[in-house]
Structure formats: C-alpha cells, structure tokens
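To be precise, the following lines are run.cif, and they hold mmCIF, C-alpha atoms.
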```
data_model
#
loop_
_atom_site.group_PDB
_atom_site.id
_atom_site.type_symbol
_atom_site.label_atom_id
_atom_site.label_comp_id
_atom_site.auth_asym_id
_atom_site.auth_seq_id
_atom_site.Cartn_x
_atom_site.Cartn_y
_atom_site.Cartn_z
ATOM 1 C CA MET A 1 -74.705 12.638 17.245
ATOM 2 C CA ILE A 2 -75.020 11.636 13.574
ATOM 3 C CA SER A 3 -77.706 14.243 12.916
ATOM 4 C CA LEU A 4 -75.518 16.908 14.568
ATOM 5 C CA ILE A 5 -72.547 15.969 12.379
ATOM 6 C CA ARG A 6 -74.722 15.867 9.250
ATOM 7 C CA HIS A 7 -76.141 19.328 10.028
ATOM 8 C CA TRP A 8 -72.692 20.697 10.794
ATOM 9 C CA LEU A 9 -71.154 19.329 7.591
ATOM 10 C CA PHE A 10 -73.899 20.235 5.154
ATOM 11 C CA ASN A 11 -74.294 23.779 6.458
ATOM 12 C CA ILE A 12 -70.727 25.058 6.595
ATOM 13 C CA PRO A 13 -69.329 27.238 3.823
ATOM 14 C CA PHE A 14 -66.561 25.584 1.842
ATOM 15 C CA LYS A 15 -63.789 27.751 0.424
ATOM 16 C CA HIS A 16 -61.988 25.546 -2.052
ATOM 17 C CA ARG A 17 -63.983 22.375 -2.409
ATOM 18 C CA ASP A 18 -67.400 20.959 -3.134
ATOM 19 C CA PRO A 19 -69.746 20.135 -0.272
ATOM 20 C CA ILE A 20 -69.074 16.849 1.470
ATOM 21 C CA THR A 21 -70.455 13.716 -0.190
ATOM 22 C CA GLU A 22 -72.399 10.899 1.433
ATOM 23 C CA PHE A 23 -69.322 8.655 1.077
ATOM 24 C CA GLU A 24 -67.192 11.211 2.889
ATOM 25 C CA LEU A 25 -69.874 11.642 5.553
ATOM 26 C CA PHE A 26 -69.996 7.887 6.150
ATOM 27 C CA HIS A 27 -66.223 7.671 6.542
ATOM 28 C CA LEU A 28 -66.063 10.822 8.642
ATOM 29 C CA ILE A 29 -68.606 9.390 11.085
ATOM 30 C CA LYS A 30 -66.686 6.083 11.085
ATOM 31 C CA TYR A 31 -63.458 8.029 11.774
ATOM 32 C CA ILE A 32 -65.093 9.983 14.599
ATOM 33 C CA ASN A 33 -66.415 6.787 16.206
ATOM 34 C CA LYS A 34 -63.099 4.916 15.775
ATOM 35 C CA SER A 35 -61.088 7.835 17.167
ATOM 36 C CA LYS A 36 -63.528 8.221 20.060
ATOM 37 C CA ILE A 37 -64.102 11.879 19.200
ATOM 38 C CA VAL A 38 -66.933 12.986 21.399
ATOM 39 C CA SER A 39 -66.357 16.590 22.387
ATOM 40 C CA LEU A 40 -67.501 19.605 20.422
ATOM 41 C CA ARG A 41 -63.931 20.921 20.601
ATOM 42 C CA GLN A 42 -62.686 17.861 18.710
ATOM 43 C CA ILE A 43 -65.487 18.200 16.150
ATOM 44 C CA ASP A 44 -64.640 21.892 15.751
ATOM 45 C CA LYS A 45 -61.028 20.920 15.042
ATOM 46 C CA LEU A 46 -62.170 18.582 12.251
ATOM 47 C CA SER A 47 -64.494 21.291 10.991
ATOM 48 C CA ALA A 48 -61.661 23.823 10.836
ATOM 49 C CA MET A 49 -59.484 21.429 8.818
ATOM 50 C CA ILE A 50 -62.280 20.774 6.324
ATOM 51 C CA ARG A 51 -63.365 24.424 6.030
ATOM 52 C CA SER A 52 -59.765 25.535 5.445
ATOM 53 C CA GLY A 53 -59.793 23.556 2.222
ATOM 54 C CA ARG A 54 -57.834 20.544 3.439
ATOM 55 C CA PRO A 55 -58.986 17.534 1.398
ATOM 56 C CA ILE A 56 -61.378 15.326 3.320
ATOM 57 C CA SER A 57 -59.265 12.311 2.302
ATOM 58 C CA GLN A 58 -56.318 13.770 4.202
ATOM 59 C CA VAL A 59 -58.488 14.449 7.240
ATOM 60 C CA LEU A 60 -59.785 10.864 7.166
ATOM 61 C CA ARG A 61 -56.423 9.433 6.032
ATOM 62 C CA ILE A 62 -58.225 7.239 3.479
ATOM 63 C CA HIS A 63 -59.173 7.727 -0.180
ATOM 64 C CA PRO A 64 -61.411 5.508 -2.315
ATOM 65 C CA PHE A 65 -59.926 4.454 -5.657
ATOM 66 C CA LEU A 66 -61.882 1.962 -7.757
ATOM 67 C CA ASN A 67 -62.600 -0.930 -5.374
ATOM 68 C CA LEU A 68 -59.706 0.004 -3.059
ATOM 69 C CA ARG A 69 -59.283 2.184 0.004
ATOM 70 C CA LEU A 70 -55.871 3.862 -0.146
ATOM 71 C CA LYS A 71 -54.181 5.188 2.976
ATOM 72 C CA VAL A 72 -53.136 8.808 2.426
ATOM 73 C CA ASN A 73 -51.621 11.676 4.368
ATOM 74 C CA SER A 74 -50.590 15.261 3.673
ATOM 75 C CA LYS A 75 -47.395 14.111 1.913
ATOM 76 C CA ILE A 76 -49.183 11.877 -0.607
ATOM 77 C CA LEU A 77 -50.895 13.226 -3.696
ATOM 78 C CA ILE A 78 -54.558 12.302 -3.724
ATOM 79 C CA PRO A 79 -55.447 10.430 -6.923
ATOM 80 C CA ARG A 80 -57.610 12.399 -9.323
ATOM 81 C CA THR A 81 -60.994 11.206 -10.520
ATOM 82 C CA GLU A 82 -59.707 11.296 -14.112
ATOM 83 C CA THR A 83 -56.969 8.814 -13.153
ATOM 84 C CA GLU A 84 -59.596 6.477 -11.736
ATOM 85 C CA TYR A 85 -61.574 6.620 -15.012
ATOM 86 C CA LEU A 86 -58.390 5.980 -16.999
ATOM 87 C CA VAL A 87 -57.401 2.957 -14.897
ATOM 88 C CA HIS A 88 -60.944 1.559 -15.025
ATOM 89 C CA GLY A 89 -60.867 1.791 -18.827
ATOM 90 C CA LEU A 90 -57.375 0.285 -18.991
ATOM 91 C CA ILE A 91 -58.481 -2.698 -16.902
ATOM 92 C CA GLY A 92 -61.323 -3.285 -19.368
ATOM 93 C CA VAL A 93 -58.992 -3.095 -22.383
ATOM 94 C CA ILE A 94 -56.460 -5.456 -20.822
ATOM 95 C CA LYS A 95 -59.178 -7.977 -19.902
ATOM 96 C CA LYS A 96 -60.588 -7.803 -23.428
ATOM 97 C CA TYR A 97 -57.367 -8.229 -25.395
ATOM 98 C CA ARG A 98 -55.060 -10.261 -23.158
ATOM 99 C CA LYS A 99 -55.024 -13.983 -23.749
ATOM 100 C CA ASN A 100 -56.047 -16.055 -20.736
ATOM 101 C CA GLY A 101 -53.136 -17.027 -18.565
ATOM 102 C CA ASP A 102 -50.684 -14.589 -20.124
ATOM 103 C CA SER A 103 -48.453 -12.943 -17.576
ATOM 104 C CA LEU A 104 -48.271 -9.167 -17.680
ATOM 105 C CA ARG A 105 -45.493 -6.968 -16.295
ATOM 106 C CA ILE A 106 -46.279 -3.329 -15.547
ATOM 107 C CA LEU A 107 -43.762 -0.637 -14.680
ATOM 108 C CA ASP A 108 -45.291 2.109 -12.532
ATOM 109 C CA VAL A 109 -42.743 4.925 -12.320
ATOM 110 C CA GLY A 110 -43.335 8.502 -11.221
ATOM 111 C CA THR A 111 -47.092 8.160 -10.902
ATOM 112 C CA GLY A 112 -47.475 9.751 -7.471
ATOM 113 C CA THR A 113 -49.265 7.468 -5.034
ATOM 114 C CA GLY A 114 -48.717 4.277 -7.002
ATOM 115 C CA CYS A 115 -52.495 3.879 -7.204
ATOM 116 C CA ILE A 116 -52.351 2.920 -10.896
ATOM 117 C CA GLY A 117 -50.086 -0.069 -10.317
ATOM 118 C CA ILE A 118 -51.878 -1.049 -7.118
ATOM 119 C CA ALA A 119 -55.295 -0.969 -8.839
ATOM 120 C CA LEU A 120 -54.052 -2.927 -11.862
ATOM 121 C CA ALA A 121 -52.470 -5.591 -9.629
ATOM 122 C CA ALA A 122 -55.611 -5.820 -7.487
ATOM 123 C CA ASN A 123 -58.010 -6.119 -10.435
ATOM 124 C CA LEU A 124 -56.119 -8.263 -12.945
ATOM 125 C CA ALA A 125 -54.937 -11.840 -12.589
ATOM 126 C CA ASN A 126 -51.316 -12.814 -13.221
ATOM 127 C CA VAL A 127 -49.994 -9.229 -13.171
ATOM 128 C CA HIS A 128 -46.619 -8.195 -11.784
ATOM 129 C CA VAL A 129 -46.126 -4.517 -11.019
#
```

Show the structure stored in the file as structure tokens.
Amino acid sequence: MISLIRHWLFNIPFKHRDPITEFELFHLIKYINKSKIVSLRQIDKLSAMIRSGRPISQVLRIHPFLNLRLKVNSKILIPRTETEYLVHGLIGVIKKYRKNGDSLRILDVGTGTGCIGIALAANLANVHV
C-alpha cells in the first residue's frame, strides 16, 4: 500500500504547488491509516484534492510549525515558511537578551493563525501571550 501511495504521489502532475515532500508523505500515509482509507476511490478523492492545488496541510488538517503541529482547515491561513524563520530568529534573540526569570508579555493581534504567539509561548519560559 505504501509503495502504491508513494508512486501515485510522486508521479502526478501538480498545478500550483511543489511535489509532495517526505514529511507530507509520512503524514498523508498516517492520515490514510488513521482514517481507514483503503479503497482506490478514497485515494482518488485525496489525489484530486492535492492535484487541484489544495494545500496538503488542509487535506491532512495539520501543519508543522517549528516544533509544533498546528491543526488547520480551509478557513485558517497556513503559516508561511518565512514566518517560521522569523519566529525561530525571534526566539533566539529573546533567549539571548532576556534576563533569566523575567516575565514577558506578548500581544499577538491580527496575525492569522496565531502561530507566532503559540510558538513563542511553547518555546520560551515565563511568557504570557
């Protein structure tokens, strides 16, 4: 089954996205197993969603962001890679310059998914978002 899915995914033409990554393949297979998708009709349905340009994160309903796995759907903006780089750098700067034990308050307004505040709270001690 895994070899069939791998062949199917790596050999389909993509209209508006890059070919599927190994991370996406792993989570797609996990999703298929968890959802008990076994028929070719169900796999074709997934294939149609991916080939139409629908983001794989929306198909899987999960998106990796730093060390987190964010739940997403079609109504939530998927965080951009550039945002992940920015937050990673910001975490490093805060860790470098903040005095140990200092409390930090962060206001996360109008940032889409809230992934910036969530990632900062998850990766920094004594932070209130």

| request: Check which residues satisfy the PyMOL selection byres ((chain A and resi 105-109) around 9) in the file shown, then give them as an MDAnalysis selection string. | output: chainID A and resid 103:104 110:112 114 116:117 120:121 126:129

| said: Under the PyMOL selection byres ((chain A and resi 61) around 6), which residues of this model are included? Write them out as JSON, numbers by chain. | reply: {"A": [57, 58, 59, 60, 62, 71, 72, 73]}

Using C-alpha atoms, can you write the selected residues to a file as a compact mmCIF listing (two decimals), in the frame of the given file?
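Below you can see again.txt, which holds the result:
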```txt
# COMPACT_ATOMS: atom_id res chain seq x y z
CA SER A 57 -59.26 12.31 2.30
CA GLN A 58 -56.32 13.77 4.20
CA VAL A 59 -58.49 14.45 7.24
CA LEU A 60 -59.78 10.86 7.17
CA ILE A 62 -58.22 7.24 3.48
CA LYS A 71 -54.18 5.19 2.98
CA VAL A 72 -53.14 8.81 2.43
CA ASN A 73 -51.62 11.68 4.37
```

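The two atoms in question, atom CA of Arg51 of chain A and atom CA of Leu70 of chain A, are spaced 22.7 Å apart.
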
| request: Between atom CA of Ile76 of chain A and atom CA of Val93 of chain A, measure the distance and give it in Å to one decimal. | output: 28.2 Å

For Leu77 of chain A, find every residue with an atom within 7 Å (counting all atoms listed in the file), except residues of its own chain fewer than 2 positions away, and show them as a short mmCIF file (atom, residue, chain, number, x, y, z; two decimals) with C-alpha atoms, in the coordinates of the input.
```cif
data_model
loop_
_atom_site.label_atom_id
_atom_site.label_comp_id
_atom_site.auth_asym_id
_atom_site.auth_seq_id
_atom_site.Cartn_x
_atom_site.Cartn_y
_atom_site.Cartn_z
CA LYS A 75 -47.40 14.11 1.91
CA PRO A 79 -55.45 10.43 -6.92
CA GLY A 112 -47.48 9.75 -7.47
CA THR A 113 -49.26 7.47 -5.03
#
```

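You will find atom CA of Ile56 of chain A at 11.4 Å from atom CA of Tyr31 of chain A.
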
| query | Using the chain letters and numbers from the file, which residues does the PyMOL selection byres ((chain A and resi 95) around 12) grab, as number ranges by chain? | reply | A: 88-94, 96-102, 104, 120, 123-127

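The smallest atom-to-atom distance between Ser74 of chain A and any of A:Ser47, A:Val87, A:Ile29, A:Pro55, using all atoms listed in the file, is found for A:Pro55.
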